[in-house]
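Raw data-v1.txt, compact mmCIF, C-alpha atoms:
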```txt
# COMPACT_ATOMS: atom_id res chain seq x y z
CA MET A 1 1.78 15.12 34.72
CA SER A 2 2.57 18.00 37.06
CA GLN A 3 2.50 21.35 35.29
CA ASN A 4 -0.65 22.47 33.60
CA SER A 5 -2.59 25.68 33.14
CA ASN A 6 -1.23 27.15 36.38
CA THR A 7 1.83 28.52 34.62
CA PRO A 8 2.43 32.25 34.69
CA HIS A 9 2.72 32.28 30.88
CA ASN A 10 0.06 33.44 28.51
CA LYS A 11 -1.78 30.33 27.35
CA ASN A 12 -0.62 30.99 23.79
CA GLN A 13 2.98 30.70 24.93
CA THR A 14 2.68 27.26 26.46
CA THR A 15 4.87 24.76 24.67
CA PHE A 16 5.81 21.11 24.51
CA THR A 17 8.61 19.45 22.58
CA LEU A 18 8.08 17.21 19.56
CA ASP A 19 11.21 15.27 18.66
CA GLY A 20 13.21 18.00 20.36
CA LYS A 21 11.47 20.92 18.61
CA THR A 22 9.50 23.43 20.65
CA ILE A 23 5.83 23.43 19.67
CA PRO A 24 3.44 26.10 21.00
CA PHE A 25 -0.08 25.05 21.89
CA SER A 26 -3.24 26.60 23.18
CA GLU A 27 -5.79 25.11 25.52
CA GLY A 28 -8.02 22.50 23.96
CA GLN A 29 -5.59 21.64 21.18
CA THR A 30 -4.44 18.07 20.82
CA ILE A 31 -0.82 17.15 20.14
CA ILE A 32 -1.43 16.56 16.43
CA GLN A 33 -3.39 19.81 16.05
CA ALA A 34 -0.61 21.84 17.65
CA ALA A 35 2.02 19.97 15.60
CA MET A 36 0.14 20.62 12.35
CA ALA A 37 -0.28 24.29 13.22
CA ALA A 38 3.49 24.46 13.68
CA GLY A 39 4.05 22.79 10.31
CA GLU A 40 5.15 19.46 11.75
CA TYR A 41 3.92 16.17 10.30
CA ILE A 42 2.71 13.27 12.42
CA PRO A 43 1.48 10.35 10.28
CA HIS A 44 -2.29 9.85 10.60
CA LEU A 45 -5.26 8.38 8.74
CA CYS A 46 -8.54 8.63 10.67
CA PHE A 47 -7.71 12.16 11.83
CA ASN A 48 -8.87 15.04 9.67
CA PRO A 49 -8.37 18.57 11.04
CA GLU A 50 -11.92 19.48 10.03
CA PHE A 51 -13.45 16.82 12.26
CA LYS A 52 -13.55 15.78 15.88
CA PRO A 53 -10.82 13.20 16.51
CA HIS A 54 -11.83 9.55 16.36
CA GLY A 55 -8.68 7.95 17.77
CA SER A 56 -9.18 4.62 16.04
CA CYS A 57 -6.42 4.01 13.50
CA LYS A 58 -3.54 4.61 15.94
CA ILE A 59 -1.19 5.60 13.12
CA CYS A 60 -0.68 8.94 14.91
CA THR A 61 0.60 7.20 18.04
CA VAL A 62 3.43 9.08 19.74
CA THR A 63 5.28 8.72 23.01
CA ALA A 64 4.22 11.46 25.44
CA ASN A 65 6.39 11.64 28.53
CA GLY A 66 7.33 8.01 27.91
CA ARG A 67 3.82 6.63 27.38
CA GLN A 68 2.33 5.73 24.02
CA THR A 69 -0.84 7.59 23.15
CA ALA A 70 -2.85 8.66 20.10
CA SER A 71 -1.71 12.21 19.33
CA CYS A 72 -5.08 13.07 17.76
CA THR A 73 -6.87 12.66 21.10
CA GLN A 74 -4.12 13.44 23.64
CA GLN A 75 -3.82 17.04 24.75
CA PRO A 76 -0.29 18.23 25.42
CA GLN A 77 0.88 19.57 28.74
CA VAL A 78 3.47 22.21 29.38
CA ASP A 79 6.97 20.91 28.68
CA MET A 80 5.65 17.48 27.75
CA MET A 81 8.26 15.49 25.84
CA VAL A 82 6.65 14.02 22.75
CA GLU A 83 8.48 11.66 20.44
CA SER A 84 7.05 10.78 17.03
CA ASP A 85 9.71 10.15 14.41
CA THR A 86 11.51 7.28 16.16
CA LYS A 87 12.41 3.87 14.78
CA GLN A 88 10.25 2.04 17.31
CA ILE A 89 7.12 4.10 16.64
CA ASN A 90 7.60 4.10 12.88
CA ASP A 91 8.06 0.32 12.95
CA GLU A 92 4.76 -0.02 14.82
CA ARG A 93 3.02 2.41 12.46
CA ARG A 94 4.29 0.39 9.48
CA ALA A 95 2.92 -2.83 11.02
CA LEU A 96 -0.49 -1.14 11.44
CA LEU A 97 -0.40 -0.04 7.80
CA GLN A 98 0.54 -3.54 6.68
CA MET A 99 -2.44 -4.93 8.59
CA LEU A 100 -4.74 -2.41 6.89
CA PHE A 101 -3.37 -3.42 3.51
CA VAL A 102 -3.87 -7.19 3.99
CA GLU A 103 -7.30 -6.86 5.61
CA GLY A 104 -8.78 -5.22 2.52
CA ASN A 105 -8.13 -5.53 -1.20
CA HIS A 106 -5.75 -2.70 -2.06
CA PHE A 107 -4.78 -2.97 -5.72
CA CYS A 108 -3.15 0.41 -6.30
CA PRO A 109 -2.41 -0.03 -10.03
CA SER A 110 -6.13 -0.16 -10.84
CA CYS A 111 -7.35 2.30 -8.19
CA GLU A 112 -8.63 5.70 -9.29
CA LYS A 113 -7.37 7.19 -6.01
CA SER A 114 -3.76 6.04 -6.47
CA GLY A 115 -1.42 8.99 -6.00
CA ASP A 116 -4.05 10.91 -4.03
CA CYS A 117 -4.54 8.19 -1.40
CA GLN A 118 -3.50 8.90 2.18
CA LEU A 119 -3.08 5.22 3.00
CA GLN A 120 -0.69 4.76 0.08
CA ALA A 121 1.15 8.03 0.71
CA THR A 122 1.56 7.23 4.41
CA ALA A 123 2.91 3.80 3.45
CA TYR A 124 5.44 5.50 1.15
CA GLU A 125 6.36 7.86 3.97
CA LEU A 126 7.00 4.96 6.33
CA ASP A 127 8.98 2.92 3.78
CA MET A 128 6.45 0.10 3.59
CA MET A 129 8.00 -2.09 0.92
CA SER A 130 5.68 -5.09 1.33
CA PRO A 131 2.44 -6.03 3.12
CA HIS A 132 4.44 -8.58 5.17
CA PHE A 133 1.37 -10.44 6.48
CA ASP A 134 -0.82 -12.99 4.69
CA HIS A 135 -3.67 -11.45 2.70
CA PHE A 136 -7.29 -11.92 3.84
CA SER A 137 -8.63 -11.43 0.27
CA PRO A 138 -12.12 -10.58 1.57
CA ASN A 139 -15.17 -10.64 -0.66
CA ARG A 140 -16.61 -7.12 -0.66
CA PRO A 141 -18.98 -6.39 -3.58
CA LEU A 142 -19.03 -2.88 -5.05
CA ASP A 143 -22.03 -0.59 -4.87
CA ALA A 144 -22.40 1.11 -8.26
CA SER A 145 -26.11 1.84 -7.76
CA HIS A 146 -25.74 5.61 -7.45
CA GLY A 147 -25.68 7.64 -10.65
CA GLU A 148 -22.72 9.83 -9.70
CA TYR A 149 -20.72 7.89 -7.12
CA LEU A 150 -19.24 4.41 -6.79
CA LEU A 151 -18.52 2.69 -3.47
CA ASP A 152 -15.59 0.28 -3.46
CA PHE A 153 -15.65 -1.27 -0.01
CA ASN A 154 -12.48 -3.28 -0.77
CA ARG A 155 -10.43 -0.21 0.10
CA CYS A 156 -12.17 0.79 3.34
CA ILE A 157 -9.90 1.31 6.36
CA LEU A 158 -12.78 2.04 8.78
CA CYS A 159 -11.67 5.59 9.56
CA SER A 160 -15.37 6.57 9.86
CA LEU A 161 -14.76 9.99 8.26
CA CYS A 162 -17.64 9.49 5.79
CA ALA A 163 -19.96 8.49 8.62
CA ARG A 164 -18.85 11.47 10.72
CA ALA A 165 -19.20 13.87 7.78
CA SER A 166 -22.62 12.56 6.84
CA SER A 167 -24.07 12.75 10.34
CA ASP A 168 -22.20 15.76 11.78
CA VAL A 169 -22.04 18.02 8.70
CA ASP A 170 -24.61 16.83 6.19
CA GLY A 171 -27.22 15.81 8.78
CA LYS A 172 -28.00 12.71 6.72
CA ASN A 173 -26.47 9.67 8.40
CA VAL A 174 -25.84 7.90 5.08
CA PHE A 175 -22.88 5.81 6.32
CA SER A 176 -22.21 3.77 9.46
CA LEU A 177 -19.71 1.29 10.76
CA ALA A 178 -21.48 -1.97 11.60
CA GLY A 179 -20.26 -5.15 13.28
CA ARG A 180 -17.55 -5.48 15.92
CA GLY A 181 -13.85 -6.28 16.02
CA ILE A 182 -12.49 -7.89 12.88
CA LYS A 183 -16.04 -7.99 11.47
CA THR A 184 -16.43 -4.19 11.55
CA HIS A 185 -17.49 -2.94 8.14
CA LEU A 186 -18.89 0.11 6.41
CA ILE A 187 -22.59 0.05 5.60
CA VAL A 188 -25.02 2.35 3.80
CA ASN A 189 -28.08 3.26 5.81
CA SER A 190 -30.92 2.48 3.44
CA LYS A 191 -33.44 -0.32 3.41
CA SER A 192 -31.75 -1.93 0.41
CA GLY A 193 -28.27 -1.10 1.70
CA LYS A 194 -27.61 0.65 -1.62
CA LEU A 195 -26.31 4.19 -2.02
CA ALA A 196 -28.91 4.94 -4.70
CA ASP A 197 -31.64 4.54 -2.08
CA THR A 198 -30.23 7.29 0.16
CA ASP A 199 -30.33 11.07 -0.28
CA PHE A 200 -26.52 11.14 -0.76
CA THR A 201 -25.32 13.70 -3.32
CA GLY A 202 -21.98 14.97 -4.60
CA ASP A 203 -22.54 18.17 -2.61
CA ASP A 204 -22.33 16.24 0.64
CA LYS A 205 -19.23 16.67 2.79
CA ALA A 206 -19.22 12.87 3.01
CA ALA A 207 -18.48 12.70 -0.72
CA HIS A 208 -15.14 14.45 -0.20
CA VAL A 209 -13.54 13.09 2.97
CA CYS A 210 -12.55 9.50 2.16
CA PRO A 211 -8.76 9.27 2.65
CA VAL A 212 -8.65 6.14 0.47
CA GLY A 213 -10.54 5.08 -2.65
CA VAL A 214 -13.93 3.96 -1.32
CA ILE A 215 -16.13 6.91 -2.34
CA ILE A 216 -15.29 7.52 -5.98
CA LYS A 217 -16.87 10.06 -8.32
CA LYS A 218 -17.81 8.33 -11.53
CA ARG A 219 -16.49 9.24 -14.97
CA VAL A 220 -13.45 11.28 -13.84
CA GLY A 221 -11.21 8.37 -12.75
CA PHE A 222 -7.95 9.01 -14.56
CA ALA A 223 -8.51 12.62 -15.71
CA VAL A 224 -5.28 13.40 -13.84
CA PRO A 225 -2.82 10.72 -14.94
CA ILE A 226 -1.01 8.44 -12.52
CA GLY A 227 2.36 9.99 -11.78
CA LYS A 228 1.01 13.56 -11.77
CA ARG A 229 -1.05 13.36 -8.59
CA SER A 230 -0.64 15.09 -5.22
CA PHE A 231 1.58 12.57 -3.51
CA ASP A 232 3.50 11.80 -6.70
CA GLU A 233 4.64 15.43 -6.64
CA HIS A 234 5.40 15.71 -2.91
CA PRO A 235 5.57 13.20 -0.07
CA ILE A 236 2.64 13.44 2.33
CA SER A 237 4.94 14.82 5.04
CA ALA A 238 5.68 17.82 2.79
CA THR A 239 2.04 18.40 1.91
CA PRO A 240 0.67 20.88 4.44
CA HIS A 241 -2.57 19.85 6.10
CA PRO A 242 -3.27 16.89 3.85
CA ILE A 243 -7.01 17.38 3.93
CA VAL A 244 -8.38 14.99 1.40
CA LYS A 245 -9.39 16.66 -1.80
CA GLY A 246 -12.22 14.20 -2.25
CA ALA A 247 -12.96 12.45 -5.49
CA ILE A 248 -10.38 13.41 -8.05
CA MET B 1 36.44 0.81 -7.93
CA ASN B 2 37.77 -1.76 -10.34
CA MET B 3 35.13 -4.46 -10.46
CA SER B 4 36.61 -6.29 -13.41
CA THR B 5 39.00 -8.29 -11.23
CA LYS B 6 36.16 -9.60 -9.10
CA PRO B 7 34.21 -12.66 -10.19
CA LYS B 8 30.91 -11.69 -11.76
CA LEU B 9 27.76 -12.03 -9.68
CA ARG B 10 25.14 -14.42 -11.02
CA ILE B 11 21.59 -13.16 -11.41
CA ALA B 12 18.50 -15.21 -12.23
CA THR B 13 15.10 -13.80 -13.13
CA ALA B 14 11.67 -15.36 -13.63
CA THR B 15 8.11 -14.36 -14.29
CA LEU B 16 5.44 -16.31 -12.42
CA ALA B 17 1.83 -15.05 -12.51
CA GLY B 18 2.82 -11.75 -14.07
CA CYS B 19 2.71 -10.03 -17.45
CA PHE B 20 6.47 -9.64 -18.16
CA GLY B 21 5.95 -5.90 -17.64
CA CYS B 22 8.55 -5.87 -14.85
CA HIS B 23 11.05 -7.57 -17.18
CA MET B 24 10.25 -4.96 -19.82
CA SER B 25 10.86 -2.30 -17.18
CA PHE B 26 14.16 -3.99 -16.31
CA LEU B 27 15.18 -3.53 -19.96
CA ASP B 28 14.32 0.16 -19.52
CA ILE B 29 17.67 0.58 -17.79
CA ASP B 30 18.72 0.86 -21.47
CA GLU B 31 22.44 1.39 -22.05
CA ARG B 32 23.11 0.74 -18.36
CA LEU B 33 22.66 -2.93 -19.31
CA PHE B 34 26.22 -2.72 -20.71
CA ASP B 35 27.51 -1.50 -17.32
CA LEU B 36 25.51 -4.25 -15.63
CA MET B 37 26.96 -6.93 -17.90
CA GLU B 38 30.45 -5.92 -16.71
CA LEU B 39 29.42 -6.87 -13.19
CA VAL B 40 27.00 -9.77 -13.55
CA GLU B 41 26.15 -12.77 -15.65
CA PHE B 42 22.69 -14.23 -16.07
CA ASP B 43 21.59 -17.67 -14.97
CA ARG B 44 17.97 -18.76 -15.56
CA SER B 45 16.10 -15.87 -17.13
CA PRO B 46 13.90 -15.10 -20.13
CA LEU B 47 17.02 -13.27 -21.37
CA THR B 48 19.06 -16.50 -21.53
CA ASP B 49 16.32 -19.11 -21.92
CA ILE B 50 18.16 -21.32 -19.39
CA LYS B 51 15.42 -23.56 -17.97
CA THR B 52 16.57 -24.24 -14.42
CA CYS B 53 18.15 -22.02 -11.81
CA GLY B 54 21.64 -22.88 -10.56
CA PRO B 55 23.43 -21.32 -7.58
CA CYS B 56 23.05 -17.53 -7.85
CA ASP B 57 23.76 -14.39 -5.90
CA ILE B 58 20.55 -12.54 -6.73
CA GLY B 59 17.16 -13.82 -7.87
CA LEU B 60 14.51 -11.46 -9.21
CA ILE B 61 10.93 -12.74 -9.15
CA GLU B 62 8.15 -11.05 -11.07
CA GLY B 63 4.55 -12.16 -10.56
CA GLY B 64 2.61 -13.96 -7.88
CA LEU B 65 1.66 -17.61 -7.46
CA CYS B 66 -1.39 -18.80 -9.39
CA ASN B 67 -0.46 -22.44 -10.05
CA ALA B 68 1.67 -25.31 -8.79
CA GLU B 69 4.46 -24.65 -11.28
CA ASN B 70 4.82 -21.07 -9.97
CA VAL B 71 5.38 -22.49 -6.48
CA HIS B 72 7.95 -24.98 -7.82
CA VAL B 73 9.92 -22.26 -9.64
CA LEU B 74 9.78 -19.96 -6.63
CA ARG B 75 11.13 -22.67 -4.32
CA GLU B 76 13.88 -23.44 -6.86
CA PHE B 77 14.89 -19.78 -6.81
CA ARG B 78 14.79 -19.57 -3.02
CA ALA B 79 16.94 -22.69 -2.74
CA ASN B 80 19.53 -21.32 -5.18
CA CYS B 81 19.60 -17.54 -4.67
CA LYS B 82 21.45 -15.93 -1.78
CA ILE B 83 19.25 -12.85 -2.13
CA LEU B 84 15.67 -13.08 -3.38
CA VAL B 85 13.94 -9.92 -4.57
CA ALA B 86 10.19 -9.56 -5.23
CA VAL B 87 9.80 -7.28 -8.23
CA GLY B 88 6.48 -5.53 -8.86
CA ALA B 89 2.93 -5.46 -7.52
CA CYS B 90 2.01 -9.07 -8.43
CA ALA B 91 4.98 -10.59 -6.58
CA ILE B 92 4.27 -8.32 -3.61
CA ASN B 93 0.48 -8.53 -3.18
CA GLY B 94 -0.76 -10.78 -5.99
CA GLY B 95 -1.63 -7.82 -8.18
CA LEU B 96 -4.16 -8.07 -10.95
CA PRO B 97 -4.30 -11.92 -11.03
CA ALA B 98 -5.24 -11.87 -7.31
CA GLN B 99 -8.42 -10.00 -8.14
CA ARG B 100 -9.95 -13.44 -8.73
CA ASN B 101 -9.37 -14.36 -5.09
CA HIS B 102 -12.92 -13.67 -3.89
CA LEU B 103 -14.33 -16.01 -6.56
CA SER B 104 -14.28 -19.80 -6.31
CA LEU B 105 -11.91 -21.51 -8.75
CA SER B 106 -14.58 -23.93 -9.95
CA MET B 107 -16.91 -21.04 -10.75
CA ILE B 108 -14.18 -19.29 -12.72
CA LEU B 109 -13.32 -22.42 -14.74
CA GLU B 110 -17.02 -23.04 -15.35
CA GLU B 111 -17.50 -19.46 -16.55
CA VAL B 112 -14.43 -19.46 -18.80
CA TYR B 113 -14.78 -22.94 -20.37
CA HIS B 114 -18.50 -23.82 -20.15
CA ALA B 115 -20.92 -21.02 -19.49
CA GLN B 116 -19.91 -18.29 -21.88
CA HIS B 117 -21.56 -17.88 -25.26
CA GLY B 118 -20.10 -20.13 -27.98
CA LEU B 119 -18.68 -22.73 -25.58
CA VAL B 120 -21.26 -25.47 -26.14
CA ASP B 121 -18.67 -28.22 -26.41
CA GLY B 122 -16.14 -26.54 -24.15
CA PHE B 123 -14.29 -28.55 -21.52
CA ILE B 124 -11.95 -27.63 -18.72
CA PRO B 125 -8.38 -28.45 -19.91
CA ASN B 126 -7.11 -31.51 -18.06
CA ASP B 127 -3.83 -32.42 -19.77
CA PRO B 128 -1.58 -33.85 -17.03
CA GLU B 129 1.24 -31.55 -18.19
CA LEU B 130 -0.77 -28.47 -17.26
CA PRO B 131 0.12 -27.16 -13.80
CA LEU B 132 -2.83 -27.22 -11.45
CA PRO B 133 -4.20 -23.78 -10.60
CA LEU B 134 -4.20 -22.70 -6.96
CA ASP B 135 -7.51 -21.82 -5.33
CA GLN B 136 -6.22 -18.28 -4.75
CA VAL B 137 -3.35 -16.19 -6.11
CA HIS B 138 -0.70 -15.51 -3.47
CA PRO B 139 2.18 -13.03 -3.24
CA ILE B 140 5.53 -14.77 -2.99
CA HIS B 141 6.29 -13.73 0.62
CA GLU B 142 3.40 -15.96 1.73
CA VAL B 143 5.38 -19.03 0.58
CA VAL B 144 9.12 -18.26 0.91
CA LYS B 145 11.26 -15.72 2.72
CA VAL B 146 11.81 -12.68 0.54
CA ASP B 147 14.80 -10.45 1.23
CA TYR B 148 13.88 -7.27 -0.67
CA PHE B 149 10.88 -5.79 -2.45
CA ILE B 150 10.66 -3.37 -5.37
CA PRO B 151 7.03 -2.20 -5.54
CA GLY B 152 5.36 -0.76 -8.63
CA CYS B 153 3.27 -1.81 -11.59
CA PRO B 154 5.83 -1.97 -12.96
CA PRO B 155 8.68 -0.54 -10.89
CA SER B 156 10.61 1.93 -13.03
CA GLY B 157 13.87 0.91 -14.67
CA ASP B 158 15.50 3.44 -12.34
CA ALA B 159 14.06 1.72 -9.25
CA ILE B 160 15.27 -1.70 -10.43
CA TRP B 161 18.68 -0.21 -11.30
CA LYS B 162 18.95 1.43 -7.88
CA VAL B 163 18.22 -1.79 -5.99
CA LEU B 164 20.52 -3.88 -8.19
CA THR B 165 23.44 -1.44 -7.97
CA ASP B 166 22.96 -1.12 -4.21
CA LEU B 167 23.00 -4.91 -3.82
CA ILE B 168 26.00 -5.36 -6.15
CA ALA B 169 27.90 -2.70 -4.19
CA GLY B 170 27.01 -4.39 -0.91
CA ARG B 171 24.74 -1.57 0.26
CA GLU B 172 21.32 -1.93 1.86
CA PRO B 173 18.94 -1.05 -1.01
CA GLU B 174 17.01 2.15 -0.48
CA LEU B 175 14.34 3.74 -2.66
CA GLY B 176 13.35 7.29 -1.78
CA HIS B 177 10.31 9.35 -2.76
CA GLY B 178 9.70 9.13 -6.49
CA LEU B 179 11.17 5.63 -6.82
CA VAL B 180 8.76 3.96 -4.40
CA HIS B 181 5.30 3.74 -5.88
CA TYR B 182 2.64 1.04 -5.80
CA ASP B 183 0.99 1.97 -9.10
```

Rewrite the structure of this file - the entire thing - as C-alpha cells.
Amino acid sequence: MSQNSNTPHNKNQTTFTLDGKTIPFSEGQTIIQAAMAAGEYIPHLCFNPEFKPHGSCKICTVTANGRQTASCTQQPQVDMMVESDTKQINDERRALLQMLFVEGNHFCPSCEKSGDCQLQATAYELDMMSPHFDHFSPNRPLDASHGEYLLDFNRCILCSLCARASSDVDGKNVFSLAGRGIKTHLIVNSKSGKLADTDFTGDDKAAHVCPVGVIIKKRVGFAVPIGKRSFDEHPISATPHPIVKGAI
Amino acid sequence: MNMSTKPKLRIATATLAGCFGCHMSFLDIDERLFDLMELVEFDRSPLTDIKTCGPCDIGLIEGGLCNAENVHVLREFRANCKILVAVGACAINGGLPAQRNHLSLSMILEEVYHAQHGLVDGFIPNDPELPLPLDQVHPIHEVVKVDYFIPGCPPSGDAIWKVLTDLIAGREPELGHGLVHYD
C-alpha cells in the first residue's frame, strides 16, 4: 500500500486496474463506485449507489492487491490491482447467494418481484443452477396490515436498504434489523410490529429500495408479465446502475 | 455426425411432487422429438408407462419429495441412471408444494380432512397402500447426488432441449441468459 495521493497526477487521473482494465477514480470513491462510473459491473446486493455502503452481503468481494475485500467499502489506491471476475471469487459469490436462498423462502414462480429481483438476477449472472445447501424453510408470517404495501419477510436478505432509506432519507425509522448472527431479522418499528401502525407511505424512499420482493406494492403484482421484466430483457451485468425500481 | 450407428442412449423420466408441467414443457420441443427419438429410447417414463427404472444413461426428475414413495422412486433413479438431472423449480427447491413447510403436517391433515366446512365425518386416509407423507417437502439434492439442474417453472422446451442435446453430445450442459430462469 505504498502510493497514494502524493502522485504528481491530477486526482481525477488516478487509476487502478480491474481485471486488467484501467479504471479512473477520484478521492473518496470506493472500488465499486469507480467501477460503476466506468461502466464495469461488480456483482452486489446490499450496495446501492444512492446510499452509504453497508458492507454486509460480501457479494461485491474482490481481490485488491492480493487480499479479499468488499469493493463497496474499500477505496482504491493508485495502480492497485483489483480482480473481480475470477473463478475463485465467482465460486465464493455463488456460495453466498446459495446460502441466502436456503436461509429464506425464495419461491420465484409465485413472487411478484421475479424478473425485477436483484438476488435472482445476480444468481443468473453467476450461473447458480441450484441452491446446493439444505433449506431452512423458516416460518416468517407476512404483514399485510398496511393498505397499500405488503411485507413478505420470507424473501429478506438483510441488506438493510429499507432501514437505511427510512432513517437516513425519510427520517422515519420504520424498519430495523433485530437479533444477532443467524437470528438477525427485519422488524417494523411500531408497538404492534405491524406496518399499518407506522407512518410508512408509498412516497417513502424505503418503499422503493428493496432489491428483493419484501416490500411489495399491493394490487399491481403482475401488471408487467413474467418474461417481460428488466432482467428478463437484459442480464444484470448489462443493466447500467441497477438501482432498484421499487415496487413494480 | 452419424449417430445412427451408435447404440441409443436410454432416458428415464419421472414426476414426484410436481404438476407434470415440466413434462408438458419437455413435449414443447415439438418436432424435435423426432430427432431425439433417433438418438434415445425411453425407459420408465409417463411416455412409456413402464413402472420401474432399469439401467439408464440419463434420468430426468420433475418435482420434489413430499412422501415416502417419492423418495423410493428417486433412489431407484439414482441407482440406475448414470446422469441424474433435476428438472424444474420443485425438484430444485421444493417449489409450490414446499410452501407447506412452515406448517405442521398434523395441522395440515386436520385442516384438510376434519376442520373445514362439510367434513363432519371426515377422516384422515389411512389405507396402508398410501405412501406416508413427509413432514416437509424437500428438493431432490437434499437426498441424492444430482448431476445437473434445469431451473424454471417450468423450464422452457428450449432449455430442456439444450441440456439434453449437450449431454447426448458429451458436452457440459450450459444455459445462457434467457434460458436460465427461476420463474

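Near stretch 43-46 of chain B, within a cut-off of 8 Å and counting only C-alpha atoms, sit the residues Arg10, Ile11, Ala12, Thr13, Ala14, Lys51, Thr52, Cys53, Gly54 and Cys56 of chain B, with same-chain residues fewer than 5 positions away left out.
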
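Taking atom CA of A:Asp85 and atom CA of A:Asp19 as the two end points, the separation is 6.8 Å.
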
In the coordinate frame of the file, compute which residues have an atom within 12 Å of (0.7, -13.7, -17.6) when using all atoms listed in the file, and state them as a CSV table (one decimal) with C-alpha atoms, keeping the file's coordinate frame.
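Wrote it out as point17.csv, contents follow:
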```
chain,number,residue,atom,x,y,z
B,14,ALA,CA,11.7,-15.4,-13.6
B,15,THR,CA,8.1,-14.4,-14.3
B,16,LEU,CA,5.4,-16.3,-12.4
B,17,ALA,CA,1.8,-15.0,-12.5
B,18,GLY,CA,2.8,-11.8,-14.1
B,19,CYS,CA,2.7,-10.0,-17.4
B,20,PHE,CA,6.5,-9.6,-18.2
B,21,GLY,CA,6.0,-5.9,-17.6
B,22,CYS,CA,8.6,-5.9,-14.8
B,62,GLU,CA,8.2,-11.0,-11.1
B,63,GLY,CA,4.6,-12.2,-10.6
B,64,GLY,CA,2.6,-14.0,-7.9
B,65,LEU,CA,1.7,-17.6,-7.5
B,66,CYS,CA,-1.4,-18.8,-9.4
B,67,ASN,CA,-0.5,-22.4,-10.0
B,70,ASN,CA,4.8,-21.1,-10.0
B,90,CYS,CA,2.0,-9.1,-8.4
B,95,GLY,CA,-1.6,-7.8,-8.2
B,96,LEU,CA,-4.2,-8.1,-11.0
B,97,PRO,CA,-4.3,-11.9,-11.0
```

Check: which chain A residues lie within 7 Å of chain B using all atoms listed in the file, as a ChimeraX atom specification: /A:107-109,114,124,129-130,134,137-139,232,235

Interatomic distance, atom CA of B:Glu111 to atom CA of B:Pro125 (Å, one decimal): 13.2 Å

Computed interatomic separation between atom CA of A:Gly20 and atom CA of A:His234 (Å): 24.7 Å

Point (-5.3, 10.7, -4.3), cut-off 10 Å, counting only C-alpha atoms, residues as a PyMOL selection string: chain A and resi 111-121+210-213+224+226+229-232+244-248

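Each of B:Leu27, B:Leu36, B:Pro155, B:Glu41 was compared to B:Lys8 using only C-alpha atoms, and B:Glu41 turns out to be the nearest.
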
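Minimum distance to A:Lys52 across A:Ser160, A:Asp127, A:Gly39, A:Phe133 (counting only C-alpha atoms) occurs at A:Ser160.
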
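Distances to B:Glu172 were evaluated for B:Asp147, B:Glu69, B:Glu76, B:Asp158 using all atoms listed in the file, and the minimum falls at B:Asp147.
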